[in-house]
Amino acid sequence: MPDTTGASYAAAGVDIEAGDRAVELMKEWVKKTRRPEVLGGLGGFAGLFDASALKNYERPLLASATDGVGTKVDIARQLGVYDTIGHDLVAMVMDDIVVCGAEPLFMTDYICVGKVHPERVAAIVKGIAEGCVLAGCALVGGETAEHPGLLGADDFDVAGAGTGVVEADRLLGPERIRTGDAVIAMASSGLHSNGYSLVRHVLLNEGGLALDAHLDGLGRTLGEELLEPTKIYSLDCLALMRTAEVHAFSHVTGGGLAANLARVIPDGLHAVVDRSTWAPGAIFDLVGRTGKVERLELEKTLNMGVGMIAIVPEESTDVALTTLADRGVDAWVAGEITDRGEHGTGAALVGDYAV
């Protein structure tokens, strides 16, 4: 009689069959992201992308980025909503890539779970695939890892990496920025995917607020507000580059508006952003009031209603705003580029927010 009492992978908590089932469920969503350059399908050891398309470039530069969603995934877990968090992942990766002027090409993902629930994993991939469509890139592969004993049965995390391409002489960045350029702000869809450790601590732990609570000003439950997907600006930014001269973009993520804008400002120049040109959404005020968080701390942690910045010559402002409006992007002139002056190199917020 064979010994059937020995250890096994399944007994250790890893369900290979459930993983295979998850792959089958996600295939239809991955197909929706397909670009002509993609070869093969899911199931290979590597995703394939036909680089011969880059022969049309004089000097193609590949841009790459990797990121995750952070502790926002815990809101998804608590609410049992898994098909939106993928939008956040794509936005965090591909909106970093487009900042240098690159067109997003393809992306891979990594999903780590305590226990594979096939429908749940497929829902996560569905969101990633939908996000890739919004960013114009292909989802060429990924990995789902089961970590029993390290993660709880319902715990998960997601990460991703992406690649884009830009013509060398169209590369955007600090060297293009000039005094007098306009700083155009593009509205965020909410908190996006940064600062959730502070938000969760303030609202859920200290504030004792429930995710199903309907709060004044939000127009929906707190959970729905916190799970609002990050806006994906990639195609909007590429469209802007086709219609107007653009000198630089800045993706407003961890560190807030001023710190991220400062990353693209050259030595000797300064970006001045006027808070009075917009009113942050109710969620930002809720976090500030509930946690008695000082404005500077909020601005260092949250996007305060601005998810992407475009820096354009003053004469391109009207065309830029028209292009963004035509694409349904709420945008406005929020400031300008000045000489260093008394502020020093970098970026600063001035004035008070509109009411």
# chains A, B, ... in the order shown; residues from 1 in each chain; ligands from 1
>>> residues_around(residues="Ala262 (chain A)", least_positions_apart="6", cutoff="9 Å", atoms="only C-alpha atoms", output="CSV table (one decimal) with N, CA, C and O atoms, in the first residue's frame")
chain,number,residue,atom,x,y,z
A,250,SER,N,3.7,66.0,-15.0
A,250,SER,CA,4.0,65.6,-13.7
A,250,SER,C,2.8,64.8,-13.2
A,250,SER,O,1.7,65.3,-13.1
A,270,HIS,N,11.2,78.1,-11.1
A,270,HIS,CA,10.3,77.8,-10.0
A,270,HIS,C,8.8,77.7,-10.5
A,270,HIS,O,8.4,78.5,-11.4
A,271,ALA,N,8.1,76.7,-10.0
A,271,ALA,CA,6.7,76.6,-10.4
A,271,ALA,C,5.8,77.1,-9.2
A,271,ALA,O,6.0,76.7,-8.1
A,345,THR,N,14.6,77.0,-6.3
A,345,THR,CA,14.2,76.1,-7.4
A,345,THR,C,13.2,75.1,-6.8
A,345,THR,O,13.3,74.7,-5.6
A,346,GLY,N,12.2,74.7,-7.6
A,346,GLY,CA,11.2,73.7,-7.2
A,346,GLY,C,9.8,74.2,-7.5
A,346,GLY,O,9.5,74.7,-8.5
A,347,ALA,N,8.9,73.9,-6.6
A,347,ALA,CA,7.5,74.2,-6.7
A,347,ALA,C,6.9,74.6,-5.4
A,347,ALA,O,7.3,74.1,-4.3
A,348,ALA,N,5.9,75.5,-5.4
A,348,ALA,CA,5.3,75.9,-4.2
A,348,ALA,C,3.8,76.2,-4.5
A,348,ALA,O,3.4,76.6,-5.6
>>> residues_around(residues="region 288-295 of chain A", least_positions_apart="5", cutoff="7 Å", atoms="only C-alpha atoms", output="VMD selection string")
chain A and resid 202 to 203 207
>>> residues_around(residues="Thr277 (chain A)", least_positions_apart="6", cutoff="9 Å", atoms="only C-alpha atoms", output="PyMOL selection string")
chain A and resi 332-335+352-354
>>> closest_atom_pairs(of="region 196-273 of chain A", to="region 100-113 of chain A", cutoff="10 Å", atoms="only C-alpha atoms", output="Markdown table")
| residue | atom | partner | partner_atom | distance |
| --- | --- | --- | --- | --- |
| A:Ser234 | CA | A:Pro104 | CA | 7.6 |
| A:Leu235 | CA | A:Glu103 | CA | 8.3 |
| A:Cys237 | CA | A:Gly101 | CA | 7.9 |
| A:Leu238 | CA | A:Glu103 | CA | 7.1 |
| A:Met241 | CA | A:Gly101 | CA | 7.8 |
| A:Val246 | CA | A:Gly101 | CA | 9.0 |
| A:His247 | CA | A:Gly101 | CA | 9.3 |
| A:Ala248 | CA | A:Cys100 | CA | 7.1 |
| A:Phe249 | CA | A:Cys100 | CA | 7.0 |
| A:Ser250 | CA | A:Cys100 | CA | 8.8 |
| A:Val264 | CA | A:Cys100 | CA | 9.8 |
>>> write_last_selection(atoms="N, CA, C and O atoms", output="PDB file, in the first residue's frame")
ATOM      1  N   SER A 234      -3.226  58.579 -19.495  1.00  0.00           N
ATOM      2  CA  SER A 234      -2.248  58.296 -20.551  1.00  0.00           C
ATOM      3  C   SER A 234      -2.691  58.774 -21.931  1.00  0.00           C
ATOM      4  O   SER A 234      -1.971  59.516 -22.612  1.00  0.00           O
ATOM      5  N   LEU A 235      -3.865  58.351 -22.371  1.00  0.00           N
ATOM      6  CA  LEU A 235      -4.311  58.729 -23.704  1.00  0.00           C
ATOM      7  C   LEU A 235      -4.642  60.212 -23.799  1.00  0.00           C
ATOM      8  O   LEU A 235      -4.494  60.824 -24.869  1.00  0.00           O
ATOM      9  N   CYS A 237      -2.978  62.563 -22.214  1.00  0.00           N
ATOM     10  CA  CYS A 237      -1.683  63.230 -22.350  1.00  0.00           C
ATOM     11  C   CYS A 237      -1.131  63.079 -23.765  1.00  0.00           C
ATOM     12  O   CYS A 237      -0.578  64.031 -24.334  1.00  0.00           O
ATOM     13  N   LEU A 238      -1.270  61.890 -24.345  1.00  0.00           N
ATOM     14  CA  LEU A 238      -0.797  61.683 -25.711  1.00  0.00           C
ATOM     15  C   LEU A 238      -1.581  62.544 -26.697  1.00  0.00           C
ATOM     16  O   LEU A 238      -1.010  63.108 -27.646  1.00  0.00           O
ATOM     17  N   MET A 241      -0.298  66.046 -26.549  1.00  0.00           N
ATOM     18  CA  MET A 241       0.965  66.216 -27.261  1.00  0.00           C
ATOM     19  C   MET A 241       0.754  66.353 -28.763  1.00  0.00           C
ATOM     20  O   MET A 241       1.583  66.964 -29.458  1.00  0.00           O
ATOM     21  N   VAL A 246       3.871  70.653 -25.647  1.00  0.00           N
ATOM     22  CA  VAL A 246       3.956  70.301 -24.236  1.00  0.00           C
ATOM     23  C   VAL A 246       5.425  70.222 -23.842  1.00  0.00           C
ATOM     24  O   VAL A 246       6.226  69.608 -24.552  1.00  0.00           O
ATOM     25  N   HIS A 247       5.761  70.841 -22.730  1.00  0.00           N
ATOM     26  CA  HIS A 247       7.145  70.806 -22.260  1.00  0.00           C
ATOM     27  C   HIS A 247       7.386  69.721 -21.218  1.00  0.00           C
ATOM     28  O   HIS A 247       8.470  69.139 -21.157  1.00  0.00           O
ATOM     29  N   ALA A 248       6.384  69.447 -20.390  1.00  0.00           N
ATOM     30  CA  ALA A 248       6.565  68.438 -19.344  1.00  0.00           C
ATOM     31  C   ALA A 248       5.215  68.042 -18.771  1.00  0.00           C
ATOM     32  O   ALA A 248       4.230  68.784 -18.861  1.00  0.00           O
ATOM     33  N   PHE A 249       5.182  66.847 -18.199  1.00  0.00           N
ATOM     34  CA  PHE A 249       4.058  66.384 -17.390  1.00  0.00           C
ATOM     35  C   PHE A 249       4.584  66.046 -15.999  1.00  0.00           C
ATOM     36  O   PHE A 249       5.778  65.778 -15.809  1.00  0.00           O
ATOM     37  N   SER A 250       3.680  66.045 -15.042  1.00  0.00           N
ATOM     38  CA  SER A 250       4.010  65.561 -13.702  1.00  0.00           C
ATOM     39  C   SER A 250       2.821  64.777 -13.170  1.00  0.00           C
ATOM     40  O   SER A 250       1.708  65.302 -13.110  1.00  0.00           O
ATOM     41  N   VAL A 264      10.191  67.868 -12.029  1.00  0.00           N
ATOM     42  CA  VAL A 264      10.405  68.185 -13.439  1.00  0.00           C
ATOM     43  C   VAL A 264      10.801  69.640 -13.656  1.00  0.00           C
ATOM     44  O   VAL A 264      10.887  70.092 -14.804  1.00  0.00           O
TER      45      VAL A 264
END
>>> atom_distance(atom1="CA of Ala63 (chain A)", atom2="CA of Asp181 (chain A)")
25.2 Å
>>> atom_distance(atom1="CA of Val252 (chain A)", atom2="CA of Leu54 (chain A)")
29.4 Å
>>> residues_around(residues="Asp74 (chain A)", least_positions_apart="5", cutoff="10 Å", atoms="only C-alpha atoms", output="PDB file with C-alpha atoms, in the first residue's frame")
ATOM      1  CA  LEU A  79     -15.890  45.687   0.642  1.00  0.00           C
ATOM      2  CA  GLY A  80     -15.482  42.504  -1.370  1.00  0.00           C
ATOM      3  CA  ASP A 154      -8.689  36.860   1.997  1.00  0.00           C
ATOM      4  CA  ASP A 155      -5.551  39.015   1.872  1.00  0.00           C
ATOM      5  CA  PHE A 156      -3.972  40.059  -1.420  1.00  0.00           C
ATOM      6  CA  ASP A 157      -1.644  42.560  -3.017  1.00  0.00           C
ATOM      7  CA  TYR A 196      -4.312  55.352   2.227  1.00  0.00           C
ATOM      8  CA  ARG A 200      -7.473  54.489   6.824  1.00  0.00           C
ATOM      9  CA  LEU A 227     -12.595  52.735  -3.738  1.00  0.00           C
TER      10      LEU A 227
END
>>> closest_residue(among="A:Thr179, A:Thr71, A:Ser193, A:Ser64", to="Asp96 (chain A)", atoms="only C-alpha atoms")
A:Ser64
>>> select_by_dssp(residues="region 65-268 of chain A", states="alpha helix (DSSP H)", output="VMD selection string")
chain A and resid 72 to 79 85 to 97 118 to 135 196 to 199 222 to 226 234 to 243 256 to 262
>>> select_by_dssp(residues="region 130-258 of chain A", states="strand (DSSP E or B)", output="ChimeraX atom specification")
/A:138-146,148,151,156-167,182-187,214,221,248-251
>>> closest_residue(among="A:Asp285, A:Leu321, A:Pro60, A:Leu222", to="Leu204 (chain A)", atoms="only C-alpha atoms")
A:Leu222
>>> closest_residue(among="A:Leu218, A:Val287, A:Leu226, A:Val166", to="Glu58 (chain A)", atoms="only C-alpha atoms")
A:Val166
>>> residues_around(residues="Val319 (chain A)", least_positions_apart="5", cutoff="9 Å", atoms="only C-alpha atoms", output="mmCIF file with all heavy atoms, in the first residue's frame")
data_model
loop_
_atom_site.group_PDB
_atom_site.id
_atom_site.type_symbol
_atom_site.label_atom_id
_atom_site.label_comp_id
_atom_site.auth_asym_id
_atom_site.auth_seq_id
_atom_site.Cartn_x
_atom_site.Cartn_y
_atom_site.Cartn_z
ATOM 1 N N LEU A 240 -2.941 65.390 -26.006
ATOM 2 C CA LEU A 240 -2.486 66.763 -25.774
ATOM 3 C C LEU A 240 -1.189 67.030 -26.529
ATOM 4 O O LEU A 240 -1.002 68.110 -27.110
ATOM 5 C CB LEU A 240 -2.295 66.986 -24.273
ATOM 6 C CG LEU A 240 -2.012 68.407 -23.811
ATOM 7 C CD1 LEU A 240 -3.118 69.357 -24.260
ATOM 8 C CD2 LEU A 240 -1.872 68.452 -22.293
ATOM 9 N N THR A 243 -1.832 67.919 -30.206
ATOM 10 C CA THR A 243 -2.515 69.166 -30.564
ATOM 11 C C THR A 243 -1.824 70.417 -30.045
ATOM 12 O O THR A 243 -2.075 71.506 -30.553
ATOM 13 C CB THR A 243 -3.958 69.154 -30.023
ATOM 14 O OG1 THR A 243 -3.930 69.073 -28.596
ATOM 15 C CG2 THR A 243 -4.741 67.982 -30.585
ATOM 16 N N ALA A 244 -0.992 70.273 -29.036
ATOM 17 C CA ALA A 244 -0.365 71.449 -28.427
ATOM 18 C C ALA A 244 1.090 71.141 -28.104
ATOM 19 O O ALA A 244 1.473 69.977 -27.960
ATOM 20 C CB ALA A 244 -1.108 71.844 -27.147
ATOM 21 N N LEU A 324 -8.279 68.997 -23.787
ATOM 22 C CA LEU A 324 -8.632 68.239 -22.591
ATOM 23 C C LEU A 324 -10.141 68.276 -22.349
ATOM 24 O O LEU A 324 -10.745 67.261 -21.983
ATOM 25 C CB LEU A 324 -7.873 68.779 -21.383
ATOM 26 C CG LEU A 324 -6.354 68.552 -21.431
ATOM 27 C CD1 LEU A 324 -5.660 69.297 -20.301
ATOM 28 C CD2 LEU A 324 -6.024 67.055 -21.363
#
>>> residues_around(residues="Met92 (chain A)", least_positions_apart="4", cutoff="9 Å", atoms="only C-alpha atoms", output="PyMOL selection string")
chain A and resi 65-69+87-88+96+160+192-193+230+232+251+253
>>> write_last_selection(atoms="N, CA and C atoms", output="PDB file, in the first residue's frame")
ATOM      1  N   ALA A  65       8.390  51.409 -15.969  1.00  0.00           N
ATOM      2  CA  ALA A  65       7.990  51.806 -14.616  1.00  0.00           C
ATOM      3  C   ALA A  65       7.366  50.600 -13.927  1.00  0.00           C
ATOM      4  N   THR A  66       7.428  50.600 -12.620  1.00  0.00           N
ATOM      5  CA  THR A  66       6.785  49.555 -11.831  1.00  0.00           C
ATOM      6  C   THR A  66       6.184  50.183 -10.584  1.00  0.00           C
ATOM      7  N   ASP A  67       5.065  49.635 -10.129  1.00  0.00           N
ATOM      8  CA  ASP A  67       4.397  50.232  -8.973  1.00  0.00           C
ATOM      9  C   ASP A  67       3.354  49.246  -8.446  1.00  0.00           C
ATOM     10  N   GLY A  68       2.716  49.642  -7.370  1.00  0.00           N
ATOM     11  CA  GLY A  68       1.619  48.886  -6.793  1.00  0.00           C
ATOM     12  C   GLY A  68       0.480  49.822  -6.461  1.00  0.00           C
ATOM     13  N   VAL A  69      -0.450  49.341  -5.669  1.00  0.00           N
ATOM     14  CA  VAL A  69      -1.622  50.135  -5.300  1.00  0.00           C
ATOM     15  C   VAL A  69      -1.574  50.537  -3.830  1.00  0.00           C
ATOM     16  N   HIS A  87      -7.661  49.164 -12.153  1.00  0.00           N
ATOM     17  CA  HIS A  87      -7.548  50.491 -12.756  1.00  0.00           C
ATOM     18  C   HIS A  87      -6.470  51.297 -12.034  1.00  0.00           C
ATOM     19  N   ASP A  88      -6.463  51.195 -10.709  1.00  0.00           N
ATOM     20  CA  ASP A  88      -5.466  51.913  -9.916  1.00  0.00           C
ATOM     21  C   ASP A  88      -4.057  51.469 -10.280  1.00  0.00           C
ATOM     22  N   ASP A  96       2.915  57.133 -15.010  1.00  0.00           N
ATOM     23  CA  ASP A  96       4.319  57.493 -14.795  1.00  0.00           C
ATOM     24  C   ASP A  96       5.074  57.448 -16.123  1.00  0.00           C
ATOM     25  N   GLY A 160       2.667  45.812 -10.646  1.00  0.00           N
ATOM     26  CA  GLY A 160       2.767  45.685 -12.088  1.00  0.00           C
ATOM     27  C   GLY A 160       3.958  46.435 -12.629  1.00  0.00           C
ATOM     28  N   HIS A 192      -7.210  58.798  -5.471  1.00  0.00           N
ATOM     29  CA  HIS A 192      -6.369  57.959  -6.317  1.00  0.00           C
ATOM     30  C   HIS A 192      -5.797  56.799  -5.502  1.00  0.00           C
ATOM     31  N   SER A 193      -4.482  56.590  -5.464  1.00  0.00           N
ATOM     32  CA  SER A 193      -3.942  55.397  -4.794  1.00  0.00           C
ATOM     33  C   SER A 193      -2.801  55.717  -3.843  1.00  0.00           C
ATOM     34  N   THR A 230      -8.443  55.249  -9.611  1.00  0.00           N
ATOM     35  CA  THR A 230      -7.542  56.309 -10.042  1.00  0.00           C
ATOM     36  C   THR A 230      -7.794  56.633 -11.512  1.00  0.00           C
ATOM     37  N   ILE A 232      -7.013  57.420 -15.216  1.00  0.00           N
ATOM     38  CA  ILE A 232      -5.907  57.091 -16.111  1.00  0.00           C
ATOM     39  C   ILE A 232      -5.808  58.180 -17.178  1.00  0.00           C
ATOM     40  N   HIS A 251       3.057  63.522 -12.811  1.00  0.00           N
ATOM     41  CA  HIS A 251       2.024  62.652 -12.262  1.00  0.00           C
ATOM     42  C   HIS A 251       1.993  62.867 -10.751  1.00  0.00           C
ATOM     43  N   THR A 253       1.419  61.812  -7.353  1.00  0.00           N
ATOM     44  CA  THR A 253       1.225  60.585  -6.584  1.00  0.00           C
ATOM     45  C   THR A 253       1.777  60.811  -5.180  1.00  0.00           C
TER      46      THR A 253
END
>>> atom_distance(atom1="CA of Ala123 (chain A)", atom2="CA of Ser188 (chain A)")
24.1 Å
>>> closest_residue(among="A:Ala185, A:Ala145, A:Ile337, A:Ala91", to="Leu269 (chain A)", atoms="only C-alpha atoms")
A:Ile337
>>> closest_residue(among="A:Glu245, A:Asp330, A:Glu315, A:Glu299", to="Trp278 (chain A)", atoms="only C-alpha atoms")
A:Asp330
>>> residues_around(residues="Leu211 (chain A)", least_positions_apart="2", cutoff="7 Å", atoms="only C-alpha atoms", output="number ranges by chain")
A: 209, 213, 221-223
>>> closest_residue(among="A:Leu257, A:Val272, A:Ala159, A:Val329", to="Leu298 (chain A)", atoms="only C-alpha atoms")
A:Leu257
